[in-house]
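Colleague: Take a look at my_file.pdb, PDB, C-alpha atoms and all ligand atoms:
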ATOM      1  CA  MET A   1       8.337   1.609  22.429
ATOM      2  CA  PRO A   2      10.605   1.162  19.370
ATOM      3  CA  ARG A   3      13.482  -1.310  19.566
ATOM      4  CA  ILE A   4      15.760   1.313  18.033
ATOM      5  CA  THR A   5      17.455   3.089  20.934
ATOM      6  CA  ASP A   6      20.505   5.283  21.482
ATOM      7  CA  ARG A   7      21.082   5.876  17.747
ATOM      8  CA  THR A   8      21.591   8.957  15.643
ATOM      9  CA  ILE A   9      18.767   8.993  13.100
ATOM     10  CA  LEU A  10      18.447  11.445  10.208
ATOM     11  CA  ILE A  11      14.955  11.889   8.756
ATOM     12  CA  VAL A  12      14.719  13.854   5.502
ATOM     13  CA  GLY A  13      11.137  15.061   5.064
ATOM     14  CA  ALA A  14      10.187  15.190   8.740
ATOM     15  CA  SER A  15       7.915  18.248   8.868
ATOM     16  CA  SER A  16       4.615  16.440   8.168
ATOM     17  CA  GLY A  17       2.964  13.144   7.253
ATOM     18  CA  ILE A  18       4.789   9.832   7.571
ATOM     19  CA  GLY A  19       8.205  11.371   8.356
ATOM     20  CA  ALA A  20       6.885  13.520  11.235
ATOM     21  CA  GLU A  21       5.051  10.528  12.702
ATOM     22  CA  VAL A  22       8.133   8.261  12.414
ATOM     23  CA  ALA A  23      10.128  10.953  14.279
ATOM     24  CA  ARG A  24       7.523  11.065  17.064
ATOM     25  CA  GLN A  25       7.516   7.243  17.390
ATOM     26  CA  LEU A  26      11.340   6.983  17.423
ATOM     27  CA  ALA A  27      11.513   9.780  20.016
ATOM     28  CA  HIS A  28      10.400   7.281  22.690
ATOM     29  CA  GLY A  29      13.598   5.260  22.188
ATOM     30  CA  GLY A  30      16.050   7.755  23.693
ATOM     31  CA  ASN A  31      17.602   8.436  20.283
ATOM     32  CA  ARG A  32      19.320  11.459  18.763
ATOM     33  CA  LEU A  33      17.198  12.730  15.891
ATOM     34  CA  VAL A  34      18.236  15.047  13.092
ATOM     35  CA  LEU A  35      15.139  16.301  11.307
ATOM     36  CA  THR A  36      15.103  18.199   8.046
ATOM     37  CA  ALA A  37      12.575  19.579   5.538
ATOM     38  CA  ARG A  38      11.936  22.992   3.987
ATOM     39  CA  ARG A  39       9.184  24.377   6.273
ATOM     40  CA  ALA A  40      11.004  25.556   9.409
ATOM     41  CA  PRO A  41       7.969  26.205  11.692
ATOM     42  CA  GLU A  42       6.404  22.763  11.020
ATOM     43  CA  LEU A  43       9.802  21.118  11.518
ATOM     44  CA  ALA A  44      10.343  22.990  14.811
ATOM     45  CA  ALA A  45       6.954  21.767  16.073
ATOM     46  CA  VAL A  46       7.922  18.123  15.389
ATOM     47  CA  ALA A  47      11.342  18.678  17.029
ATOM     48  CA  LYS A  48       9.598  20.063  20.141
ATOM     49  CA  ASP A  49       7.479  16.886  20.411
ATOM     50  CA  VAL A  50      10.616  14.730  19.971
ATOM     51  CA  ARG A  51      12.489  16.522  22.786
ATOM     52  CA  ALA A  52       9.407  16.321  25.033
ATOM     53  CA  ALA A  53       9.371  12.533  24.493
ATOM     54  CA  GLY A  54      12.982  12.245  25.669
ATOM     55  CA  SER A  55      15.201  12.231  22.575
ATOM     56  CA  ALA A  56      17.786  14.837  21.620
ATOM     57  CA  CYS A  57      16.887  16.620  18.406
ATOM     58  CA  LEU A  58      18.495  18.902  15.860
ATOM     59  CA  ASP A  59      16.131  20.465  13.319
ATOM     60  CA  ILE A  60      17.577  21.979  10.143
ATOM     61  CA  ALA A  61      15.466  23.665   7.462
ATOM     62  CA  ALA A  62      16.984  22.698   4.096
ATOM     63  CA  ASP A  63      15.881  21.931   0.544
ATOM     64  CA  ALA A  64      16.756  18.371  -0.523
ATOM     65  CA  LEU A  65      16.753  19.567  -4.144
ATOM     66  CA  ASP A  66      19.987  21.423  -3.313
ATOM     67  CA  PRO A  67      22.950  18.969  -3.268
ATOM     68  CA  ARG A  68      25.166  21.336  -1.250
ATOM     69  CA  ALA A  69      22.496  21.999   1.385
ATOM     70  CA  SER A  70      21.840  18.241   1.663
ATOM     71  CA  ALA A  71      25.537  17.442   2.175
ATOM     72  CA  ASP A  72      25.694  20.236   4.779
ATOM     73  CA  VAL A  73      22.851  18.584   6.746
ATOM     74  CA  VAL A  74      24.821  15.306   6.890
ATOM     75  CA  THR A  75      27.929  17.232   8.033
ATOM     76  CA  ALA A  76      25.919  19.098  10.699
ATOM     77  CA  ALA A  77      24.492  15.797  12.015
ATOM     78  CA  VAL A  78      27.997  14.334  12.328
ATOM     79  CA  GLU A  79      29.351  17.499  13.966
ATOM     80  CA  GLU A  80      26.533  17.457  16.530
ATOM     81  CA  TYR A  81      26.283  13.723  17.310
ATOM     82  CA  GLY A  82      29.455  12.104  15.880
ATOM     83  CA  SER A  83      27.809   9.746  13.341
ATOM     84  CA  VAL A  84      24.653   8.957  11.397
ATOM     85  CA  ASP A  85      23.517   5.421  12.287
ATOM     86  CA  VAL A  86      20.184   5.416  10.452
ATOM     87  CA  ALA A  87      18.878   7.694   7.679
ATOM     88  CA  LEU A  88      15.307   7.710   6.406
ATOM     89  CA  LEU A  89      15.098   9.445   3.020
ATOM     90  CA  ASN A  90      11.412  10.257   3.085
ATOM     91  CA  ALA A  91      11.017  13.466   1.043
ATOM     92  CA  GLY A  92       8.773  12.983  -1.956
ATOM     93  CA  GLN A  93       5.503  13.968  -3.555
ATOM     94  CA  GLY A  94       3.093  12.326  -6.015
ATOM     95  CA  PRO A  95       0.360  14.557  -7.414
ATOM     96  CA  ASP A  96      -2.393  13.327  -9.726
ATOM     97  CA  MET A  97      -1.026  13.737 -13.306
ATOM     98  CA  SER A  98      -2.441  12.291 -16.516
ATOM     99  CA  MET A  99       0.110  11.688 -19.273
ATOM    100  CA  ASP A 100      -1.947  13.642 -21.833
ATOM    101  CA  GLN A 101      -1.937  16.718 -19.593
ATOM    102  CA  VAL A 102       1.597  16.930 -18.158
ATOM    103  CA  SER A 103       4.350  19.077 -19.649
ATOM    104  CA  VAL A 104       7.985  18.031 -20.003
ATOM    105  CA  ALA A 105       8.732  20.463 -17.155
ATOM    106  CA  ASP A 106       6.123  18.729 -14.925
ATOM    107  CA  VAL A 107       7.808  15.361 -15.450
ATOM    108  CA  SER A 108      11.250  16.861 -14.697
ATOM    109  CA  ARG A 109       9.872  18.460 -11.522
ATOM    110  CA  ILE A 110       8.346  15.200 -10.253
ATOM    111  CA  THR A 111      11.568  13.360 -11.083
ATOM    112  CA  ALA A 112      13.539  15.908  -9.049
ATOM    113  CA  LEU A 113      11.053  15.776  -6.141
ATOM    114  CA  ASN A 114      11.232  11.983  -5.905
ATOM    115  CA  TYR A 115      14.624  10.970  -7.325
ATOM    116  CA  ASP A 116      17.086  13.881  -7.048
ATOM    117  CA  VAL A 117      16.125  14.385  -3.385
ATOM    118  CA  VAL A 118      17.229  10.787  -2.757
ATOM    119  CA  VAL A 119      20.505  11.074  -4.692
ATOM    120  CA  ASN A 120      21.441  14.339  -2.940
ATOM    121  CA  TYR A 121      21.463  12.542   0.442
ATOM    122  CA  LEU A 122      22.480   9.070  -0.734
ATOM    123  CA  ILE A 123      25.939  10.096  -1.936
ATOM    124  CA  PRO A 124      27.106  12.022   1.181
ATOM    125  CA  LEU A 125      25.537   9.367   3.446
ATOM    126  CA  ILE A 126      27.371   6.524   1.672
ATOM    127  CA  ALA A 127      30.644   8.432   2.166
ATOM    128  CA  GLN A 128      29.871   9.074   5.851
ATOM    129  CA  MET A 129      28.514   5.618   6.740
ATOM    130  CA  GLY A 130      31.230   3.867   4.744
ATOM    131  CA  SER A 131      33.760   5.541   7.047
ATOM    132  CA  GLN A 132      31.959   4.526  10.264
ATOM    133  CA  ARG A 133      33.089   1.411  12.140
ATOM    134  CA  ASN A 134      29.512   0.018  12.260
ATOM    135  CA  GLY A 135      28.438   1.280   8.845
ATOM    136  CA  GLY A 136      24.818   2.404   8.872
ATOM    137  CA  LEU A 137      21.322   1.920   7.480
ATOM    138  CA  ILE A 138      19.919   4.041   4.638
ATOM    139  CA  ALA A 139      16.170   3.591   4.209
ATOM    140  CA  HIS A 140      14.058   5.181   1.505
ATOM    141  CA  THR A 141      10.310   5.795   1.566
ATOM    142  CA  ASN A 142       9.498   4.488  -1.883
ATOM    143  CA  SER A 143       5.929   3.464  -2.834
ATOM    144  CA  LEU A 144       3.988   0.484  -4.132
ATOM    145  CA  ALA A 145       3.459   2.832  -7.105
ATOM    146  CA  GLY A 146       7.197   2.421  -7.781
ATOM    147  CA  LEU A 147       6.668  -1.242  -8.685
ATOM    148  CA  MET A 148       4.621  -0.605 -11.832
ATOM    149  CA  GLY A 149       3.340   2.262 -13.974
ATOM    150  CA  ILE A 150       0.229   3.443 -12.134
ATOM    151  CA  PRO A 151      -2.207   5.472 -14.284
ATOM    152  CA  ARG A 152      -2.414   9.173 -13.268
ATOM    153  CA  GLN A 153       0.865   8.669 -11.354
ATOM    154  CA  GLY A 154       3.216   7.911 -14.263
ATOM    155  CA  PRO A 155       6.028  10.427 -13.525
ATOM    156  CA  TYR A 156       5.893   9.581  -9.798
ATOM    157  CA  SER A 157       5.908   5.802 -10.443
ATOM    158  CA  ALA A 158       8.877   6.205 -12.781
ATOM    159  CA  ALA A 159      10.912   8.357 -10.346
ATOM    160  CA  LYS A 160      10.281   5.949  -7.455
ATOM    161  CA  ALA A 161      11.228   2.964  -9.662
ATOM    162  CA  ALA A 162      14.510   4.691 -10.549
ATOM    163  CA  ALA A 163      15.279   5.297  -6.865
ATOM    164  CA  ARG A 164      14.616   1.648  -6.045
ATOM    165  CA  THR A 165      16.928   0.472  -8.818
ATOM    166  CA  LEU A 166      19.728   2.802  -7.706
ATOM    167  CA  ILE A 167      19.402   1.620  -4.117
ATOM    168  CA  ASP A 168      19.320  -2.052  -5.205
ATOM    169  CA  ALA A 169      22.725  -1.554  -6.865
ATOM    170  CA  ALA A 170      24.122   0.357  -3.868
ATOM    171  CA  ARG A 171      23.006  -2.439  -1.500
ATOM    172  CA  ILE A 172      25.148  -4.996  -3.311
ATOM    173  CA  GLU A 173      28.166  -2.712  -3.726
ATOM    174  CA  LEU A 174      28.222  -1.338  -0.164
ATOM    175  CA  ALA A 175      27.510  -4.545   1.792
ATOM    176  CA  PRO A 176      31.226  -5.226   2.421
ATOM    177  CA  ARG A 177      31.529  -1.778   4.053
ATOM    178  CA  GLY A 178      28.574  -2.310   6.391
ATOM    179  CA  VAL A 179      26.227   0.162   4.695
ATOM    180  CA  ARG A 180      22.769  -1.414   4.530
ATOM    181  CA  PHE A 181      19.753  -0.321   2.450
ATOM    182  CA  THR A 182      16.011  -0.758   2.897
ATOM    183  CA  SER A 183      13.406   0.372   0.361
ATOM    184  CA  ILE A 184      10.018   0.864   2.001
ATOM    185  CA  HIS A 185       6.941   0.657  -0.248
ATOM    186  CA  PRO A 186       3.731   1.978   1.340
ATOM    187  CA  GLY A 187       0.324   1.806  -0.322
ATOM    188  CA  PHE A 188      -2.075   4.715   0.190
ATOM    189  CA  VAL A 189      -1.569   6.602   3.469
ATOM    190  CA  ALA A 190      -4.050   9.211   4.733
ATOM    191  CA  THR A 191      -1.671  12.174   5.006
ATOM    192  CA  GLU A 192      -2.864  15.778   4.806
ATOM    193  CA  ARG A 193      -0.965  16.545   1.583
ATOM    194  CA  ILE A 194      -2.798  13.944  -0.532
ATOM    195  CA  SER A 195      -6.276  14.282   0.965
ATOM    196  CA  GLY A 196      -8.574  15.740  -1.677
ATOM    197  CA  ASP A 197      -6.254  15.060  -4.644
ATOM    198  CA  GLY A 198      -9.048  13.175  -6.379
ATOM    199  CA  LEU A 199      -7.187   9.876  -6.717
ATOM    200  CA  PRO A 200      -8.956   6.673  -5.664
ATOM    201  CA  LYS A 201      -7.189   5.202  -2.603
ATOM    202  CA  PRO A 202      -8.065   1.535  -2.048
ATOM    203  CA  PHE A 203      -6.991   0.042   1.324
ATOM    204  CA  GLN A 204      -5.763   3.431   2.615
ATOM    205  CA  ILE A 205      -4.188   3.316   6.112
ATOM    206  CA  SER A 206      -3.576   6.030   8.728
ATOM    207  CA  GLN A 207      -0.225   7.810   8.913
ATOM    208  CA  GLU A 208       0.264   6.430  12.460
ATOM    209  CA  ARG A 209      -0.081   2.873  11.152
ATOM    210  CA  ALA A 210       2.180   3.633   8.190
ATOM    211  CA  ALA A 211       4.820   5.037  10.554
ATOM    212  CA  ARG A 212       4.671   1.859  12.679
ATOM    213  CA  HIS A 213       5.388  -0.165   9.519
ATOM    214  CA  VAL A 214       8.312   2.157   8.706
ATOM    215  CA  VAL A 215       9.759   1.889  12.230
ATOM    216  CA  ARG A 216       9.482  -1.920  12.025
ATOM    217  CA  ALA A 217      11.376  -1.837   8.717
ATOM    218  CA  LEU A 218      14.108   0.306  10.326
ATOM    219  CA  GLU A 219      14.347  -2.271  13.135
ATOM    220  CA  ARG A 220      14.428  -5.377  10.908
ATOM    221  CA  GLU A 221      16.248  -3.924   7.886
ATOM    222  CA  PRO A 222      14.687  -6.034   5.086
ATOM    223  CA  ALA A 223      15.918  -5.165   1.585
ATOM    224  CA  GLN A 224      12.315  -4.355   0.616
ATOM    225  CA  SER A 225       9.270  -3.690   2.816
ATOM    226  CA  TYR A 226       5.704  -3.615   1.417
ATOM    227  CA  PHE A 227       2.487  -2.556   3.203
ATOM    228  CA  PRO A 228      -0.424  -2.741   3.781
ATOM    229  CA  TRP A 229      -0.708  -6.359   2.724
ATOM    230  CA  PRO A 230      -3.954  -6.087   0.647
ATOM    231  CA  THR A 231      -2.472  -3.385  -1.620
ATOM    232  CA  ALA A 232       0.887  -5.160  -1.738
ATOM    233  CA  ALA A 233      -0.862  -8.423  -2.717
ATOM    234  CA  LEU A 234      -2.888  -6.571  -5.378
ATOM    235  CA  VAL A 235       0.252  -5.036  -6.906
ATOM    236  CA  ARG A 236       2.098  -8.379  -6.830
ATOM    237  CA  THR A 237      -0.848 -10.071  -8.554
ATOM    238  CA  LEU A 238      -1.076  -7.344 -11.198
ATOM    239  CA  ARG A 239       2.651  -7.703 -11.904
ATOM    240  CA  ALA A 240       2.252 -11.462 -12.379
ATOM    241  CA  LEU A 241      -0.670 -11.105 -14.818
ATOM    242  CA  PRO A 242      -0.252 -10.599 -18.583
ATOM    243  CA  THR A 243      -0.059  -6.829 -19.367
ATOM    244  CA  SER A 244      -3.305  -7.016 -21.347
ATOM    245  CA  VAL A 245      -5.165  -8.169 -18.210
ATOM    246  CA  SER A 246      -3.386  -5.950 -15.639
ATOM    247  CA  SER A 247      -3.958  -2.881 -17.871
ATOM    248  CA  LEU A 248      -7.707  -3.519 -17.807
ATOM    249  CA  VAL A 249      -7.740  -3.760 -13.994
ATOM    250  CA  LEU A 250      -5.569  -0.628 -13.567
ATOM    251  CA  ARG A 251      -7.746   1.341 -16.009
ATOM    252  CA  LYS A 252     -10.833   0.392 -14.015
ATOM    253  CA  LEU A 253      -9.207   1.302 -10.671
ATOM    254  CA  ALA A 254      -7.963   4.676 -12.004
ATOM    255  CA  SER A 255     -11.365   5.640 -13.390
ATOM    256  CA  ARG A 256     -13.194   5.119 -10.081
TER     257      ARG A 256
HETATM  258  N1  LIG A 301       0.783   9.377   1.473
HETATM  259  C1  LIG A 301       0.820   8.309   0.687
HETATM  260  O1  LIG A 301      -0.217   7.749   0.294
HETATM  261  C2  LIG A 301       2.151   7.724   0.262
HETATM  262  C3  LIG A 301       2.146   6.447  -0.311
HETATM  263  C4  LIG A 301       3.351   5.875  -0.702
HETATM  264  C5  LIG A 301       4.534   6.575  -0.528
HETATM  265  N2  LIG A 301       4.501   7.814   0.028
HETATM  266  C6  LIG A 301       5.784   8.516   0.180
HETATM  267  O2  LIG A 301       5.954   8.834   1.540
HETATM  268  C7  LIG A 301       6.818   9.967   1.649
HETATM  269  C8  LIG A 301       6.201  10.950   2.633
HETATM  270  O3  LIG A 301       5.010  11.462   2.067
HETATM  271  P1  LIG A 301       3.757  11.911   2.933
HETATM  272  O4  LIG A 301       2.575  11.257   2.322
HETATM  273  O5  LIG A 301       4.017  11.740   4.377
HETATM  274  O6  LIG A 301       3.621  13.455   2.519
HETATM  275  P2  LIG A 301       4.098  14.824   3.174
HETATM  276  O7  LIG A 301       3.368  15.078   4.437
HETATM  277  O8  LIG A 301       3.984  15.807   2.078
HETATM  278  O9  LIG A 301       5.627  14.571   3.506
HETATM  279  C9  LIG A 301       6.658  14.873   2.636
HETATM  280  C10 LIG A 301       7.817  15.386   3.457
HETATM  281  O10 LIG A 301       8.902  15.618   2.565
HETATM  282  C11 LIG A 301       9.337  16.956   2.729
HETATM  283  N3  LIG A 301       9.858  17.442   1.482
HETATM  284  C12 LIG A 301       9.261  17.475   0.271
HETATM  285  N4  LIG A 301      10.071  18.041  -0.630
HETATM  286  C13 LIG A 301      11.223  18.374   0.024
HETATM  287  C14 LIG A 301      12.421  18.997  -0.361
HETATM  288  N5  LIG A 301      12.634  19.422  -1.615
HETATM  289  N6  LIG A 301      13.382  19.185   0.581
HETATM  290  C15 LIG A 301      13.200  18.773   1.852
HETATM  291  N7  LIG A 301      12.072  18.179   2.270
HETATM  292  C16 LIG A 301      11.099  17.983   1.358
HETATM  293  C17 LIG A 301       8.102  17.722   3.196
HETATM  294  O11 LIG A 301       8.443  18.882   3.937
HETATM  295  P3  LIG A 301       8.541  20.375   3.387
HETATM  296  O12 LIG A 301       7.375  20.595   2.479
HETATM  297  O13 LIG A 301       8.494  21.168   4.662
HETATM  298  O14 LIG A 301       9.854  20.484   2.716
HETATM  299  C18 LIG A 301       7.486  16.692   4.137
HETATM  300  O15 LIG A 301       8.118  16.755   5.400
HETATM  301  C19 LIG A 301       7.003  10.495   0.230
HETATM  302  O16 LIG A 301       8.240  10.083  -0.287
HETATM  303  C20 LIG A 301       5.864   9.841  -0.547
HETATM  304  O17 LIG A 301       6.195   9.678  -1.906
HETATM  305  C21 LIG A 301       3.349   8.414   0.434
END
Is it possible to express this structure as structure tokens?
Modeller:
Amino acid sequence: MPRITDRTILIVGASSGIGAEVARQLAHGGNRLVLTARRAPELAAVAKDVRAAGSACLDIAADALDPRASADVVTAAVEEYGSVDVALLNAGQGPDMSMDQVSVADVSRITALNYDVVVNYLIPLIAQMGSQRNGGLIAHTNSLAGLMGIPRQGPYSAAKAAARTLIDAARIELAPRGVRFTSIHPGFVATERISGDGLPKPFQISQERAARHVVRALEREPAQSYFPWPTAALVRTLRALPTSVSSLVLRKLASR
């Protein structure tokens, strides 16, 4: 049973994977959930599970690449439930992409899918939460890949790193207004979308376990959350090593 109860929680990217599982886990807390993603039928199925578990739920099919549609989702959440207490910006995607094979358009697309989708919700949520008496929590599903340039994930690593940096600045600026920020950095998670993408996935965890980590981060609100610990420790070690050494290790891992 999550410790988060009786809150209005917006999850962007709730139709599958980590976001859908976080919604199902938070549903046991008697919360009010606002779920959004593009695929309406998948989203409706998650919303049905949430209501069956005892939480109110509004599901809205919308594309987070569209700034207007994203702002409208925030407005709809406030109209329905009066506030947004917690938002999990979870939409994102990281396909296998080697730098000698991607086009400029590919890089722009991955940047939009992992950075623009964050910005399009961040700005209206800051305005909304900044006006609320108790502020609010904005969490972002980043990635351990956002901490360094991971081979075959360069555009994704770069977009996630940009999102982390933007949120780090927002955290400092918005603290006096009660708006809090948590960047959540998972390692490899066994979700349907990435199964069979050909990338090696050391220390991969289930999406249920990943969602438990995310829910814990929403409860405790650390500035940064990293999991699972073996992958987080590996990334921290690689960052501490001279680039010449870490590059050798990363090259070996990527060629597995
Ligand atoms: N799986 C991993 O190993 C892993 C590791 C580290 C970080 N992450 C991060 O975790 C997050 C969730 O990924 P996942 O693995 O659970 O994959 P997933 O099942 O593909 O989940 C992505 C969610 O985002 C939604 N989404 C994508 N683009 C969207 C858009 N333009 N507008 C609205 N919703 C959009 C998808 O729904 P629709 O397609 O219906 O729109 C889906 O609900 C991502 O940010 C990913 O980068 C994943």
Colleague: Using only C-alpha atoms, which protein or nucleic acid residues come within 7 Å of A:Asn90? Drop anything in the same chain fewer than 6 positions from it, and give the result as a PyMOL selection string.
Modeller: chain A and resi 11-13+19+140-141
Colleague: What box, with edges along x, y and z, holds each listed atom of stretch 192-205 of chain A when 4 Å is added on every side, and can you state its centre and edge lengths in Å to one decimal, as AutoDock Vina command-line options?
Modeller:
--center_x -5.0 --center_y 8.3 --center_z -0.3 --size_x 16.1 --size_y 24.5 --size_z 20.8
Colleague: May I ask which of the residues A:Met99, A:Ala127, A:Ile172, A:Val179 is the closest one to A:Gly154, counting only C-alpha atoms?
Modeller: A:Met99
Colleague: Residues within 7 Å of ligand LIG 301 (chain A) (only C-alpha atoms and all ligand atoms), as number ranges by chain?
Modeller: A: 12-20, 36-40, 42-43, 62-65, 90-94, 113-114, 117, 141-144, 185-194
Colleague: What's the separation between atom CA of A:Leu10 and atom CA of A:Leu26, in Å to one decimal place?
Modeller: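 If I compute the distance from atom CA of A:Leu10 to atom CA of A:Leu26, I get 11.1 Å.
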Colleague: So that I can check the surroundings of stretch 180-183 of chain A, please list as a PDB file with C-alpha atoms, in the frame of the given file every protein, DNA and RNA residue that reaches within 6 Å of it, counting all atoms listed in the file and ignoring chain neighbours fewer than 2 positions away.
Modeller:
ATOM      1  CA  LEU A 137      21.322   1.920   7.480  1.00  0.00           C
ATOM      2  CA  ILE A 138      19.919   4.041   4.638  1.00  0.00           C
ATOM      3  CA  ALA A 139      16.170   3.591   4.209  1.00  0.00           C
ATOM      4  CA  HIS A 140      14.058   5.181   1.505  1.00  0.00           C
ATOM      5  CA  ARG A 171      23.006  -2.439  -1.500  1.00  0.00           C
ATOM      6  CA  GLU A 221      16.248  -3.924   7.886  1.00  0.00           C
ATOM      7  CA  PRO A 222      14.687  -6.034   5.086  1.00  0.00           C
ATOM      8  CA  ALA A 223      15.918  -5.165   1.585  1.00  0.00           C
ATOM      9  CA  GLN A 224      12.315  -4.355   0.616  1.00  0.00           C
TER      10      GLN A 224
END
Colleague: Please measure the separation of atom CA of A:Pro176 and atom CA of A:Gln128, giving the value in Å to one decimal.
Modeller: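 These atoms are spaced 14.8 Å apart.
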